[in-house]
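Novice: Handing you a structure now.
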Amino acid sequence: MKLKLNLNLNNARFELTAVKPDQYPKSDIPEITFVGRSNVGKSSLINTMLNRKNLAKVAATPGRTRVINFYNIDGQLYFVDLPGYGFAKVSKSTKSGWKDIIETYLAERKQLRKIVMLVDIRHSPTSDDVLMHEWLKSMGKSYVVVATKLDKIPRSKIKERLSDIRNTLKLGDDIKIIPFSSEKRQGKEELWEEILDESYFSLNE
């Protein structure tokens with residue numbers, strides 16, 4: 001039987017920061033996890049999804065965040081923000097650290113229900129994005145792709161940009177790409193539907 005719960009977004013809060021498994025929350029609450037390059041807009045998207053302005057802090061310097069942040073939603077669901085990857089101005093050791101933190105969580109966390117992979121709609125996915133997508137496929141994880149910064153391109157370019165993302169990542173027809181704008185709150189309802197469908201939740205607005 002599918003689990004049916006109501007989520008009160010007014011009860012969303014930052015819970016903790018972690019870098020290794022023994023620091024993760026000690027609970028069986030389902031987790032929705034966000035991955036993407038540095039500066040792709042993960043914090044802005046999380047804030048938009050939770051009707052907040054500053055719950056998830058936007059880093060002043062891209063590539064600065066090196067931890068996993070857990071956001072507790074009404075005691076029933078976690079949003080998990082993984083470190084942004086691929087920022088060029090950091091050292092090789094820092095990049096290696098990101099890789100370990102990200103892969104350890106994705107490979108070992110049993111509470112993980114779905115991954116939201118963010119890419120910038122304005123640009124073709126990078127080699128780092130392609131590697132992340134290949135890793136997700138190889139691990140058999142359930143995921144959806146979100147193309148952020150929709151408001152930064154003309155409407156006439158949307159179809160072309162989504163086609164480029166799909167082709168570059170070699171997405172199967174079963175993988176959805178959701179165009180998203182944190183500025184205009186576009187794509188929010190569609191992404192919630194994707195998340196709640198996978199986790200068997202019903203959203204209480």
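The chains in the structure tokens are called A, B, ... from first to last as shown; in each chain the residues are counted from 1, and the ligands are counted from 1 in the order shown.
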Can you pull out every residue from chain A that DSSP, working from the backbone, puts in strand (DSSP E), and format the result as a ChimeraX atom specification?
Specialist: /A:6-8,12-18,31-36,68-73,77-81,112-120,143-148,177-179,202-204
Novice: Would you list the contacts of Glu31 in chain A as a list in words, taking every protein, DNA or RNA residue within 7 Å and counting only C-alpha atoms, but skipping same-chain residues closer than 3 positions in sequence?
Specialist: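 Returned residues: Leu77, Tyr78, Phe79, Val80, Gln111, Leu112 and Arg113 of chain A.
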Novice: Using DSSP on the backbone coordinates, identify all residues within range 12-151 of chain A classified as helix (DSSP H, G or I); present the result as a VMD selection string.
Specialist: chain A and resid 21 to 23 42 to 49 92 to 108 127 to 139 150 to 151
Novice: Could you name the residues that touch Met49 in chain A at 10 Å or less, counting only C-alpha atoms, but leaving out those on the same chain fewer than 4 positions away, as a ChimeraX atom specification?
Specialist: /A:9,43-45,79,182,185,187-189,191-192
Novice: Using C-alpha atoms, can you write the selected residues to a file as a PDB file, in the first residue's frame?
Specialist:
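That gives us selection_16.pdb:
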```
ATOM      1  CA  LEU A   9       5.912  23.616   4.057  1.00  0.00           C
ATOM      2  CA  SER A  43      20.075  26.844  -3.093  1.00  0.00           C
ATOM      3  CA  SER A  44      17.735  29.153  -5.003  1.00  0.00           C
ATOM      4  CA  LEU A  45      15.712  26.179  -6.235  1.00  0.00           C
ATOM      5  CA  PHE A  79      15.732  17.860   1.066  1.00  0.00           C
ATOM      6  CA  SER A 182      13.565  30.476  -9.283  1.00  0.00           C
ATOM      7  CA  ARG A 185       8.782  30.277  -9.805  1.00  0.00           C
ATOM      8  CA  GLY A 187       8.550  24.599 -12.864  1.00  0.00           C
ATOM      9  CA  LYS A 188       7.891  24.457  -9.127  1.00  0.00           C
ATOM     10  CA  GLU A 189       4.587  22.580  -9.293  1.00  0.00           C
ATOM     11  CA  LEU A 191       8.915  19.319  -9.803  1.00  0.00           C
ATOM     12  CA  TRP A 192       6.787  18.828  -6.684  1.00  0.00           C
TER      13      TRP A 192
END
```
Novice: Show me, as CSV, the residues of range 101-193 of chain A having an atom within 12 Å of range 68-75 of chain A, each with the closest atom pair and its distance in Å, using only C-alpha atoms.
Specialist:
```
residue,atom,partner,partner_atom,distance
A:Ile101,CA,A:Ile68,CA,7.9
A:Ile102,CA,A:Ile68,CA,8.3
A:Glu103,CA,A:Ile68,CA,11.6
A:Thr104,CA,A:Ile68,CA,11.1
A:Tyr105,CA,A:Ile68,CA,8.9
A:Leu106,CA,A:Ile68,CA,11.3
```
Novice: Of the candidates A:Lys159, A:Arg66, A:Lys149, A:Lys57, which shows the shortest atom-to-atom distance to Ile121 in chain A, using only C-alpha atoms?
Specialist: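 Using only C-alpha atoms, the shortest distance to Ile121 in chain A belongs to A:Lys149.
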Novice: Would you work out the distance separating CA of Lys114 in chain A from CA of Ser127 in chain A, expressed in Å to one decimal?
Specialist: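 Computing the Euclidean distance for CA of Lys114 in chain A and CA of Ser127 in chain A yields 22.4 Å.
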Novice: Got a sec: who's within 9 Å of Leu55 in chain A, counting only C-alpha atoms, leaving out chain neighbours fewer than 6 positions off, as a list in words?
Specialist: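 Residues meeting the cut-off are Ala12, Arg13, Phe14, Ser43, Ile46, Asn47 and Tyr71 of chain A.
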Novice: Store the residues picked out above in a file with N, CA and C atoms, as a CSV table (one decimal), in the first residue's frame.
Specialist:
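Full text of out_3.csv as output:
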```csv
chain,number,residue,atom,x,y,z
A,12,ALA,N,9.3,23.8,7.4
A,12,ALA,CA,10.6,23.4,6.8
A,12,ALA,C,11.7,24.1,7.5
A,13,ARG,N,12.8,23.4,7.8
A,13,ARG,CA,13.9,24.0,8.6
A,13,ARG,C,15.2,23.4,8.2
A,14,PHE,N,16.3,24.1,8.3
A,14,PHE,CA,17.6,23.6,8.2
A,14,PHE,C,17.8,22.7,9.5
A,43,SER,N,20.6,26.2,-4.3
A,43,SER,CA,20.1,26.8,-3.1
A,43,SER,C,18.8,27.7,-3.5
A,46,ILE,N,15.9,25.2,-4.0
A,46,ILE,CA,15.4,24.7,-2.7
A,46,ILE,C,14.5,25.8,-2.0
A,47,ASN,N,15.0,27.0,-2.0
A,47,ASN,CA,14.2,28.1,-1.4
A,47,ASN,C,12.9,28.3,-2.1
A,71,TYR,N,17.7,19.5,5.1
A,71,TYR,CA,16.6,20.4,5.4
A,71,TYR,C,15.4,19.5,5.7
```
Novice: Could you give me, as a list in words, the residues within 12 Å of Ala107 in chain A, counting only C-alpha atoms and dropping anything in the same chain fewer than 6 positions from it?
Specialist: Pro21, Lys99, Asp100, Ile101, Ile115, Trp135, Leu136, Ser138, Met139, Gly140 and Lys141 of chain A
Novice: Could the residues in this selection be saved with N, CA, C and O atoms as a CSV table (one decimal), in the first residue's frame?
Specialist:
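Okay, this is what ended up in result32.csv:
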```
chain,number,residue,atom,x,y,z
A,21,PRO,N,29.1,9.7,6.7
A,21,PRO,CA,27.8,9.0,7.1
A,21,PRO,C,27.5,9.0,8.6
A,21,PRO,O,26.3,9.1,8.9
A,99,LYS,N,34.2,14.8,-4.5
A,99,LYS,CA,33.8,13.5,-5.1
A,99,LYS,C,33.5,12.5,-4.1
A,99,LYS,O,32.5,11.7,-4.1
A,100,ASP,N,34.4,12.4,-3.1
A,100,ASP,CA,34.2,11.4,-2.0
A,100,ASP,C,32.9,11.7,-1.2
A,100,ASP,O,32.2,10.7,-0.9
A,101,ILE,N,32.7,12.9,-0.9
A,101,ILE,CA,31.5,13.3,-0.1
A,101,ILE,C,30.2,12.9,-0.9
A,101,ILE,O,29.3,12.3,-0.4
A,115,ILE,N,16.8,11.5,-6.9
A,115,ILE,CA,17.9,12.6,-7.1
A,115,ILE,C,17.3,13.6,-8.1
A,115,ILE,O,16.8,13.2,-9.2
A,135,TRP,N,27.1,8.2,-13.9
A,135,TRP,CA,27.2,7.5,-12.6
A,135,TRP,C,25.8,7.2,-12.1
A,135,TRP,O,25.6,6.1,-11.6
A,136,LEU,N,24.9,8.2,-12.2
A,136,LEU,CA,23.5,7.9,-11.7
A,136,LEU,C,22.9,6.7,-12.5
A,136,LEU,O,22.3,5.9,-11.9
A,138,SER,N,24.5,4.3,-13.9
A,138,SER,CA,25.2,3.0,-13.6
A,138,SER,C,24.7,2.5,-12.2
A,138,SER,O,24.8,1.3,-12.0
A,139,MET,N,24.3,3.4,-11.3
A,139,MET,CA,23.9,3.0,-10.0
A,139,MET,C,22.4,2.6,-9.9
A,139,MET,O,21.9,2.2,-8.9
A,140,GLY,N,21.7,2.9,-11.0
A,140,GLY,CA,20.3,2.6,-11.1
A,140,GLY,C,19.5,3.4,-10.2
A,140,GLY,O,18.4,3.0,-9.7
A,141,LYS,N,19.9,4.7,-10.0
A,141,LYS,CA,19.1,5.6,-9.1
A,141,LYS,C,18.0,6.2,-9.9
A,141,LYS,O,18.0,6.5,-11.1
```
Novice: By how many Å are CA of Ala18 in chain A and CA of Asn39 in chain A apart?
Specialist: 20.3 Å
Novice: List the neighbours of range 165-177 of chain A out to 10 Å using only C-alpha atoms; skip same-chain residues closer than 2 positions along the sequence, and give me the result as a short mmCIF file (atom, residue, chain, number, x, y, z; two decimals) with C-alpha atoms, in the first residue's frame.
Specialist:
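Ended up saving to result_5.cif:
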```cif
data_model
loop_
_atom_site.label_atom_id
_atom_site.label_comp_id
_atom_site.auth_asym_id
_atom_site.auth_seq_id
_atom_site.Cartn_x
_atom_site.Cartn_y
_atom_site.Cartn_z
CA MET A 117 20.08 16.71 -11.12
CA LEU A 118 20.37 20.40 -11.99
CA VAL A 119 21.89 21.76 -15.20
CA ASP A 120 22.01 25.34 -16.51
CA ILE A 121 19.57 25.67 -19.43
CA ARG A 122 21.76 28.36 -21.04
CA HIS A 123 24.70 26.03 -21.69
CA SER A 124 25.40 22.52 -22.90
CA PRO A 125 26.03 20.09 -20.02
CA THR A 126 29.73 19.94 -19.16
CA SER A 127 31.93 16.88 -18.97
CA ASP A 129 27.56 16.82 -15.79
CA VAL A 130 27.95 13.95 -18.24
CA LEU A 131 30.04 12.00 -15.72
CA MET A 132 27.49 12.59 -12.97
CA HIS A 133 24.67 11.43 -15.20
CA GLU A 134 26.57 8.32 -16.27
CA LYS A 137 22.57 5.58 -14.57
CA SER A 142 15.75 7.21 -9.69
CA TYR A 143 16.29 10.76 -10.92
CA VAL A 144 14.87 13.75 -12.76
CA VAL A 145 16.77 16.49 -14.61
CA VAL A 146 15.94 20.15 -13.92
CA ALA A 147 17.12 22.87 -16.32
CA GLU A 160 16.36 24.01 -28.63
CA ARG A 161 18.15 24.17 -25.27
CA LEU A 162 16.17 21.24 -23.81
CA SER A 163 16.96 19.17 -26.90
CA PRO A 179 12.55 23.81 -17.12
CA PHE A 180 12.80 25.87 -13.91
CA LEU A 191 8.92 19.32 -9.80
CA GLU A 194 7.66 14.46 -9.68
#
```
